[in-house]
Amino acid sequence: MDKPTASTDLRVLPEKNADYGTLEYWQQRYTQEPDEVFDWFKTYADLKPLLQQHVARDARILMLGCGNSTLSGDMYADGYERITNVDYSDVVIEQMRQRTQHQPRMTWEVMDVRAMALDTGAIDVAIDKGTLDALMCEKGDVWEPSAELCANVAREVDEVDRVLAPGGKFLWITFGQPHFRRRHLERDSWAIEVERLNDGGFDYFVYIMTKRT
């Protein structure tokens, strides 16, 4: 199988940012780009030191809104084999399932991250790289997001809280600064740390939620 190419076609960009939060947009985009990959923010090469610090090789990992990112495949190749990838686009799940047949311990499931068919406490590490950000795309005031946006984001965060085992971690990689993002993550069930990633260019942030035991 030929190696997938990175998505560079500007024609697949949405008419408005809010479309990033819709299933219809992603179904169309993945149908238009069946052989491409796209990584939001950072690749595994960028994140490897962070992941080595927080994720054990035998951890039960959940990739939230996996899309056609290279992250899961690259992690698998480096020894992280217990990865469950979920996305609400059946188109991309089938594409990725076919693309990674040589990595059989990794699974691909059609699920909405806001209502996952996973057992409570079944996951050791959940990783979000762009999915929460997509849910936050709306036209409006970033200082005062709409009640609808807040409720939508809370549904994913609450689901992650539910499926995380005691002592488990939720890692969110984003460009969103703490004064905009942290409010959405506050829960009594976990502690929050924030790390900044900067390779000499744009600032990214990693929010690390550790479930209390």
# chains A, B, ... in the order shown; residues from 1 in each chain; ligands from 1

$ residues_around --residues "A:Met116" --least-positions-apart "6" --cutoff "12 Å" --atoms "only C-alpha atoms" --output "PyMOL selection string"
chain A and resi 62-65+84-88+109-110+122-123+155-163

$ write_last_selection --atoms "N, CA and C atoms" --output "compact mmCIF listing (two decimals), in the first residue's frame"
# COMPACT_ATOMS: atom_id res chain seq x y z
N LEU A 62 -7.20 5.79 24.65
CA LEU A 62 -8.37 6.20 23.85
C LEU A 62 -8.01 7.44 23.06
N MET A 63 -8.13 7.34 21.73
CA MET A 63 -7.87 8.47 20.85
C MET A 63 -9.21 9.10 20.46
N LEU A 64 -9.45 10.31 20.97
CA LEU A 64 -10.75 10.96 20.84
C LEU A 64 -10.85 11.74 19.52
N GLY A 65 -11.82 11.38 18.68
CA GLY A 65 -11.93 12.06 17.39
C GLY A 65 -10.68 11.85 16.57
N THR A 84 -7.59 2.39 21.33
CA THR A 84 -8.94 2.41 20.79
C THR A 84 -9.16 3.78 20.14
N ASN A 85 -9.39 3.78 18.85
CA ASN A 85 -9.60 5.01 18.10
C ASN A 85 -11.10 5.20 17.85
N VAL A 86 -11.63 6.36 18.20
CA VAL A 86 -13.05 6.61 17.98
C VAL A 86 -13.24 7.91 17.19
N ASP A 87 -14.23 7.88 16.32
CA ASP A 87 -14.61 9.06 15.55
C ASP A 87 -16.05 8.86 15.10
N TYR A 88 -16.81 9.95 14.97
CA TYR A 88 -18.20 9.78 14.56
C TYR A 88 -18.37 9.67 13.06
N GLU A 109 -13.42 2.41 16.04
CA GLU A 109 -14.84 2.32 16.36
C GLU A 109 -15.56 3.61 16.00
N VAL A 110 -16.74 3.47 15.40
CA VAL A 110 -17.58 4.63 15.11
C VAL A 110 -18.30 5.02 16.39
N ALA A 122 -12.76 2.20 31.90
CA ALA A 122 -12.11 1.25 31.00
C ALA A 122 -10.83 1.77 30.36
N ILE A 123 -10.48 3.05 30.57
CA ILE A 123 -9.39 3.69 29.85
C ILE A 123 -8.36 4.25 30.83
N ARG A 155 -20.20 17.72 27.40
CA ARG A 155 -20.59 16.34 27.13
C ARG A 155 -19.36 15.48 26.84
N GLU A 156 -18.41 16.00 26.06
CA GLU A 156 -17.20 15.22 25.82
C GLU A 156 -16.37 15.08 27.10
N VAL A 157 -16.17 16.19 27.79
CA VAL A 157 -15.33 16.15 28.99
C VAL A 157 -15.93 15.21 30.04
N ASP A 158 -17.24 15.25 30.21
CA ASP A 158 -17.89 14.37 31.17
C ASP A 158 -17.76 12.90 30.78
N GLU A 159 -17.82 12.62 29.48
CA GLU A 159 -17.65 11.25 29.01
C GLU A 159 -16.22 10.76 29.26
N VAL A 160 -15.24 11.62 29.03
CA VAL A 160 -13.86 11.24 29.32
C VAL A 160 -13.69 10.97 30.81
N ASP A 161 -14.26 11.83 31.63
CA ASP A 161 -14.23 11.64 33.08
C ASP A 161 -14.81 10.28 33.45
N ARG A 162 -15.89 9.90 32.81
CA ARG A 162 -16.55 8.63 33.12
C ARG A 162 -15.70 7.42 32.75
N VAL A 163 -15.09 7.44 31.55
CA VAL A 163 -14.37 6.24 31.08
C VAL A 163 -12.97 6.12 31.64

$ residues_around --residues "stretch 175-180 of chain A" --least-positions-apart "2" --cutoff "7 Å" --atoms "only C-alpha atoms" --output "number ranges by chain"
A: 142-143, 182, 203-205

$ closest_residue --among "A:Arg97, A:Lys211, A:Arg181, A:Lys16" --to "A:Cys66" --atoms "only C-alpha atoms"
A:Arg97

$ residues_around --residues "stretch 124-132 of chain A" --least-positions-apart "2" --cutoff "6 Å" --atoms "only C-alpha atoms" --output "NGL selection string"
:A and (40 or 59-65 or 134-135 or 164-165 or 168-173)

$ write_last_selection --atoms "C-alpha atoms" --output "mmCIF file, in the first residue's frame"
data_model
loop_
_atom_site.group_PDB
_atom_site.id
_atom_site.type_symbol
_atom_site.label_atom_id
_atom_site.label_comp_id
_atom_site.auth_asym_id
_atom_site.auth_seq_id
_atom_site.Cartn_x
_atom_site.Cartn_y
_atom_site.Cartn_z
ATOM 1 C CA TRP A 40 -3.813 18.965 13.922
ATOM 2 C CA ALA A 59 -1.764 1.627 28.903
ATOM 3 C CA ARG A 60 -5.303 1.343 27.546
ATOM 4 C CA ILE A 61 -5.336 4.413 25.298
ATOM 5 C CA LEU A 62 -8.368 6.197 23.851
ATOM 6 C CA MET A 63 -7.872 8.474 20.850
ATOM 7 C CA LEU A 64 -10.752 10.961 20.838
ATOM 8 C CA GLY A 65 -11.933 12.058 17.395
ATOM 9 C CA ALA A 134 -13.522 21.632 16.682
ATOM 10 C CA LEU A 135 -16.475 21.608 19.070
ATOM 11 C CA LEU A 164 -11.086 7.144 32.797
ATOM 12 C CA ALA A 165 -9.876 4.711 35.428
ATOM 13 C CA GLY A 168 -5.847 7.724 34.592
ATOM 14 C CA LYS A 169 -4.946 10.778 32.530
ATOM 15 C CA PHE A 170 -6.716 12.949 29.985
ATOM 16 C CA LEU A 171 -4.269 14.774 27.703
ATOM 17 C CA TRP A 172 -5.606 17.627 25.589
ATOM 18 C CA ILE A 173 -3.204 19.169 23.042
#

$ closest_residue --among "A:Asp141, A:Ala115, A:Ala18, A:Leu47" --to "A:Glu195" --atoms "only C-alpha atoms"
A:Leu47

$ closest_residue --among "A:Asn152, A:Ser89, A:Thr100, A:Thr213" --to "A:Gln28" --atoms "only C-alpha atoms"
A:Ser89

$ closest_residue --among "A:Gly121, A:Ser69, A:Val91, A:Asp78" --to "A:Leu51" --atoms "only C-alpha atoms"
A:Asp78

$ closest_residue --among "A:Ala147, A:Val92, A:Val55, A:Met136" --to "A:Asp35" --atoms "only C-alpha atoms"
A:Val92

$ residues_around --residues "A:Val194" --least-positions-apart "4" --cutoff "7 Å" --atoms "only C-alpha atoms" --output "list in words"
Phe205, Val206, Tyr207 and Ile208 of chain A

$ write_last_selection --atoms "N, CA and C atoms" --output "short mmCIF file (atom, residue, chain, number, x, y, z; two decimals), in the first residue's frame"
data_model
loop_
_atom_site.label_atom_id
_atom_site.label_comp_id
_atom_site.auth_asym_id
_atom_site.auth_seq_id
_atom_site.Cartn_x
_atom_site.Cartn_y
_atom_site.Cartn_z
N PHE A 205 -0.53 24.26 23.97
CA PHE A 205 -0.70 23.95 25.38
C PHE A 205 -1.17 22.51 25.53
N VAL A 206 -0.69 21.87 26.59
CA VAL A 206 -1.13 20.52 26.94
C VAL A 206 -1.77 20.59 28.31
N TYR A 207 -3.05 20.26 28.35
CA TYR A 207 -3.77 20.18 29.60
C TYR A 207 -3.75 18.72 30.06
N ILE A 208 -3.29 18.50 31.26
CA ILE A 208 -3.13 17.13 31.79
C ILE A 208 -4.05 16.98 32.99
#

$ closest_residue --among "A:Asp90, A:Ser189, A:Gln53, A:Glu81" --to "A:Pro104" --atoms "only C-alpha atoms"
A:Glu81

$ select_by_dssp --residues "stretch 22-178 of chain A" --states "strand (DSSP E or B)" --output "PDB file with N, CA, C and O atoms, in the first residue's frame"
ATOM      1  N   GLU A  36      -5.549  10.612   2.071  1.00  0.00           N
ATOM      2  CA  GLU A  36      -4.746  11.634   2.728  1.00  0.00           C
ATOM      3  C   GLU A  36      -4.735  11.441   4.243  1.00  0.00           C
ATOM      4  O   GLU A  36      -5.569  10.727   4.809  1.00  0.00           O
ATOM      5  N   VAL A  37      -3.769  12.100   4.889  1.00  0.00           N
ATOM      6  CA  VAL A  37      -3.728  12.186   6.346  1.00  0.00           C
ATOM      7  C   VAL A  37      -3.653  13.652   6.719  1.00  0.00           C
ATOM      8  O   VAL A  37      -3.236  14.497   5.920  1.00  0.00           O
ATOM      9  N   ILE A  61      -5.315   3.049  25.827  1.00  0.00           N
ATOM     10  CA  ILE A  61      -5.336   4.413  25.298  1.00  0.00           C
ATOM     11  C   ILE A  61      -6.594   4.634  24.464  1.00  0.00           C
ATOM     12  O   ILE A  61      -6.982   3.782  23.657  1.00  0.00           O
ATOM     13  N   LEU A  62      -7.204   5.794  24.647  1.00  0.00           N
ATOM     14  CA  LEU A  62      -8.368   6.197  23.851  1.00  0.00           C
ATOM     15  C   LEU A  62      -8.010   7.435  23.056  1.00  0.00           C
ATOM     16  O   LEU A  62      -7.616   8.454  23.622  1.00  0.00           O
ATOM     17  N   MET A  63      -8.133   7.340  21.730  1.00  0.00           N
ATOM     18  CA  MET A  63      -7.872   8.474  20.850  1.00  0.00           C
ATOM     19  C   MET A  63      -9.212   9.103  20.463  1.00  0.00           C
ATOM     20  O   MET A  63     -10.000   8.516  19.731  1.00  0.00           O
ATOM     21  N   LEU A  64      -9.452  10.308  20.965  1.00  0.00           N
ATOM     22  CA  LEU A  64     -10.752  10.961  20.838  1.00  0.00           C
ATOM     23  C   LEU A  64     -10.849  11.737  19.524  1.00  0.00           C
ATOM     24  O   LEU A  64     -10.053  12.642  19.277  1.00  0.00           O
ATOM     25  N   ILE A  83      -4.577   0.699  21.671  1.00  0.00           N
ATOM     26  CA  ILE A  83      -5.216   1.973  21.316  1.00  0.00           C
ATOM     27  C   ILE A  83      -6.605   1.725  20.754  1.00  0.00           C
ATOM     28  O   ILE A  83      -6.775   0.953  19.802  1.00  0.00           O
ATOM     29  N   THR A  84      -7.590   2.389  21.333  1.00  0.00           N
ATOM     30  CA  THR A  84      -8.938   2.414  20.789  1.00  0.00           C
ATOM     31  C   THR A  84      -9.159   3.776  20.144  1.00  0.00           C
ATOM     32  O   THR A  84      -9.078   4.807  20.815  1.00  0.00           O
ATOM     33  N   ASN A  85      -9.392   3.778  18.848  1.00  0.00           N
ATOM     34  CA  ASN A  85      -9.604   5.011  18.098  1.00  0.00           C
ATOM     35  C   ASN A  85     -11.098   5.196  17.853  1.00  0.00           C
ATOM     36  O   ASN A  85     -11.763   4.288  17.348  1.00  0.00           O
ATOM     37  N   VAL A  86     -11.628   6.364  18.203  1.00  0.00           N
ATOM     38  CA  VAL A  86     -13.050   6.614  17.984  1.00  0.00           C
ATOM     39  C   VAL A  86     -13.238   7.909  17.193  1.00  0.00           C
ATOM     40  O   VAL A  86     -12.516   8.882  17.373  1.00  0.00           O
ATOM     41  N   ASP A  87     -14.229   7.882  16.323  1.00  0.00           N
ATOM     42  CA  ASP A  87     -14.606   9.060  15.547  1.00  0.00           C
ATOM     43  C   ASP A  87     -16.049   8.862  15.099  1.00  0.00           C
ATOM     44  O   ASP A  87     -16.476   7.727  14.866  1.00  0.00           O
ATOM     45  N   THR A 107      -7.780  -0.806  17.568  1.00  0.00           N
ATOM     46  CA  THR A 107      -9.161  -0.906  17.098  1.00  0.00           C
ATOM     47  C   THR A 107      -9.691   0.450  16.655  1.00  0.00           C
ATOM     48  O   THR A 107      -9.238   1.499  17.115  1.00  0.00           O
ATOM     49  N   TRP A 108     -10.679   0.391  15.764  1.00  0.00           N
ATOM     50  CA  TRP A 108     -11.295   1.589  15.188  1.00  0.00           C
ATOM     51  C   TRP A 108     -12.799   1.468  15.344  1.00  0.00           C
ATOM     52  O   TRP A 108     -13.405   0.519  14.825  1.00  0.00           O
ATOM     53  N   GLU A 109     -13.425   2.410  16.040  1.00  0.00           N
ATOM     54  CA  GLU A 109     -14.841   2.317  16.363  1.00  0.00           C
ATOM     55  C   GLU A 109     -15.565   3.614  16.000  1.00  0.00           C
ATOM     56  O   GLU A 109     -15.061   4.710  16.261  1.00  0.00           O
ATOM     57  N   VAL A 110     -16.740   3.467  15.400  1.00  0.00           N
ATOM     58  CA  VAL A 110     -17.581   4.628  15.112  1.00  0.00           C
ATOM     59  C   VAL A 110     -18.301   5.016  16.394  1.00  0.00           C
ATOM     60  O   VAL A 110     -19.172   4.282  16.882  1.00  0.00           O
ATOM     61  N   ASP A 112     -19.442   8.756  18.823  1.00  0.00           N
ATOM     62  CA  ASP A 112     -19.429  10.181  19.132  1.00  0.00           C
ATOM     63  C   ASP A 112     -18.769  10.338  20.498  1.00  0.00           C
ATOM     64  O   ASP A 112     -19.179   9.680  21.466  1.00  0.00           O
ATOM     65  N   ALA A 115     -20.890  10.651  23.617  1.00  0.00           N
ATOM     66  CA  ALA A 115     -21.736   9.550  24.084  1.00  0.00           C
ATOM     67  C   ALA A 115     -21.084   8.243  23.638  1.00  0.00           C
ATOM     68  O   ALA A 115     -21.456   7.660  22.620  1.00  0.00           O
ATOM     69  N   ILE A 123     -10.483   3.050  30.570  1.00  0.00           N
ATOM     70  CA  ILE A 123      -9.388   3.686  29.847  1.00  0.00           C
ATOM     71  C   ILE A 123      -8.359   4.251  30.832  1.00  0.00           C
ATOM     72  O   ILE A 123      -8.706   4.830  31.863  1.00  0.00           O
ATOM     73  N   ASP A 124      -7.082   4.076  30.488  1.00  0.00           N
ATOM     74  CA  ASP A 124      -6.001   4.622  31.318  1.00  0.00           C
ATOM     75  C   ASP A 124      -5.574   6.015  30.862  1.00  0.00           C
ATOM     76  O   ASP A 124      -5.236   6.863  31.690  1.00  0.00           O
ATOM     77  N   VAL A 125      -5.562   6.237  29.568  1.00  0.00           N
ATOM     78  CA  VAL A 125      -5.154   7.528  29.018  1.00  0.00           C
ATOM     79  C   VAL A 125      -6.056   7.887  27.846  1.00  0.00           C
ATOM     80  O   VAL A 125      -6.202   7.098  26.902  1.00  0.00           O
ATOM     81  N   ALA A 126      -6.656   9.060  27.899  1.00  0.00           N
ATOM     82  CA  ALA A 126      -7.441   9.584  26.781  1.00  0.00           C
ATOM     83  C   ALA A 126      -6.690  10.768  26.183  1.00  0.00           C
ATOM     84  O   ALA A 126      -6.176  11.615  26.916  1.00  0.00           O
ATOM     85  N   ILE A 127      -6.624  10.812  24.860  1.00  0.00           N
ATOM     86  CA  ILE A 127      -5.876  11.862  24.159  1.00  0.00           C
ATOM     87  C   ILE A 127      -6.811  12.587  23.195  1.00  0.00           C
ATOM     88  O   ILE A 127      -7.486  11.966  22.382  1.00  0.00           O
ATOM     89  N   ASP A 128      -6.821  13.907  23.310  1.00  0.00           N
ATOM     90  CA  ASP A 128      -7.590  14.761  22.400  1.00  0.00           C
ATOM     91  C   ASP A 128      -6.623  15.731  21.737  1.00  0.00           C
ATOM     92  O   ASP A 128      -5.941  16.493  22.414  1.00  0.00           O
ATOM     93  N   LYS A 129      -6.585  15.685  20.402  1.00  0.00           N
ATOM     94  CA  LYS A 129      -5.705  16.584  19.652  1.00  0.00           C
ATOM     95  C   LYS A 129      -6.522  17.226  18.539  1.00  0.00           C
ATOM     96  O   LYS A 129      -6.456  16.817  17.393  1.00  0.00           O
ATOM     97  N   LEU A 164     -12.433   7.203  32.225  1.00  0.00           N
ATOM     98  CA  LEU A 164     -11.086   7.144  32.797  1.00  0.00           C
ATOM     99  C   LEU A 164     -11.069   6.332  34.081  1.00  0.00           C
ATOM    100  O   LEU A 164     -11.900   6.521  34.973  1.00  0.00           O
ATOM    101  N   ALA A 165     -10.079   5.463  34.199  1.00  0.00           N
ATOM    102  CA  ALA A 165      -9.876   4.711  35.428  1.00  0.00           C
ATOM    103  C   ALA A 165      -9.247   5.619  36.487  1.00  0.00           C
ATOM    104  O   ALA A 165      -8.611   6.630  36.159  1.00  0.00           O
ATOM    105  N   PRO A 166      -9.421   5.302  37.773  1.00  0.00           N
ATOM    106  CA  PRO A 166      -8.728   6.065  38.822  1.00  0.00           C
ATOM    107  C   PRO A 166      -7.218   6.109  38.553  1.00  0.00           C
ATOM    108  O   PRO A 166      -6.611   5.091  38.222  1.00  0.00           O
ATOM    109  N   GLY A 167      -6.647   7.291  38.655  1.00  0.00           N
ATOM    110  CA  GLY A 167      -5.235   7.461  38.338  1.00  0.00           C
ATOM    111  C   GLY A 167      -4.968   7.669  36.864  1.00  0.00           C
ATOM    112  O   GLY A 167      -3.829   7.941  36.462  1.00  0.00           O
ATOM    113  N   GLY A 168      -6.007   7.542  36.031  1.00  0.00           N
ATOM    114  CA  GLY A 168      -5.847   7.724  34.592  1.00  0.00           C
ATOM    115  C   GLY A 168      -5.647   9.187  34.226  1.00  0.00           C
ATOM    116  O   GLY A 168      -5.869  10.090  35.037  1.00  0.00           O
ATOM    117  N   LYS A 169      -5.244   9.421  32.980  1.00  0.00           N
ATOM    118  CA  LYS A 169      -4.946  10.778  32.530  1.00  0.00           C
ATOM    119  C   LYS A 169      -5.690  11.123  31.244  1.00  0.00           C
ATOM    120  O   LYS A 169      -5.855  10.284  30.354  1.00  0.00           O
ATOM    121  N   PHE A 170      -6.112  12.374  31.180  1.00  0.00           N
ATOM    122  CA  PHE A 170      -6.716  12.949  29.985  1.00  0.00           C
ATOM    123  C   PHE A 170      -5.767  14.026  29.487  1.00  0.00           C
ATOM    124  O   PHE A 170      -5.512  15.010  30.174  1.00  0.00           O
ATOM    125  N   LEU A 171      -5.209  13.829  28.299  1.00  0.00           N
ATOM    126  CA  LEU A 171      -4.269  14.774  27.703  1.00  0.00           C
ATOM    127  C   LEU A 171      -4.961  15.499  26.556  1.00  0.00           C
ATOM    128  O   LEU A 171      -5.432  14.864  25.608  1.00  0.00           O
ATOM    129  N   TRP A 172      -5.017  16.807  26.656  1.00  0.00           N
ATOM    130  CA  TRP A 172      -5.606  17.627  25.589  1.00  0.00           C
ATOM    131  C   TRP A 172      -4.530  18.539  25.026  1.00  0.00           C
ATOM    132  O   TRP A 172      -4.006  19.402  25.737  1.00  0.00           O
ATOM    133  N   ILE A 173      -4.189  18.333  23.746  1.00  0.00           N
ATOM    134  CA  ILE A 173      -3.204  19.169  23.042  1.00  0.00           C
ATOM    135  C   ILE A 173      -3.980  20.181  22.215  1.00  0.00           C
ATOM    136  O   ILE A 173      -4.833  19.816  21.397  1.00  0.00           O
ATOM    137  N   THR A 174      -3.683  21.479  22.404  1.00  0.00           N
ATOM    138  CA  THR A 174      -4.470  22.533  21.796  1.00  0.00           C
ATOM    139  C   THR A 174      -3.658  23.811  21.668  1.00  0.00           C
ATOM    140  O   THR A 174      -2.607  23.955  22.311  1.00  0.00           O
TER     141      THR A 174
END
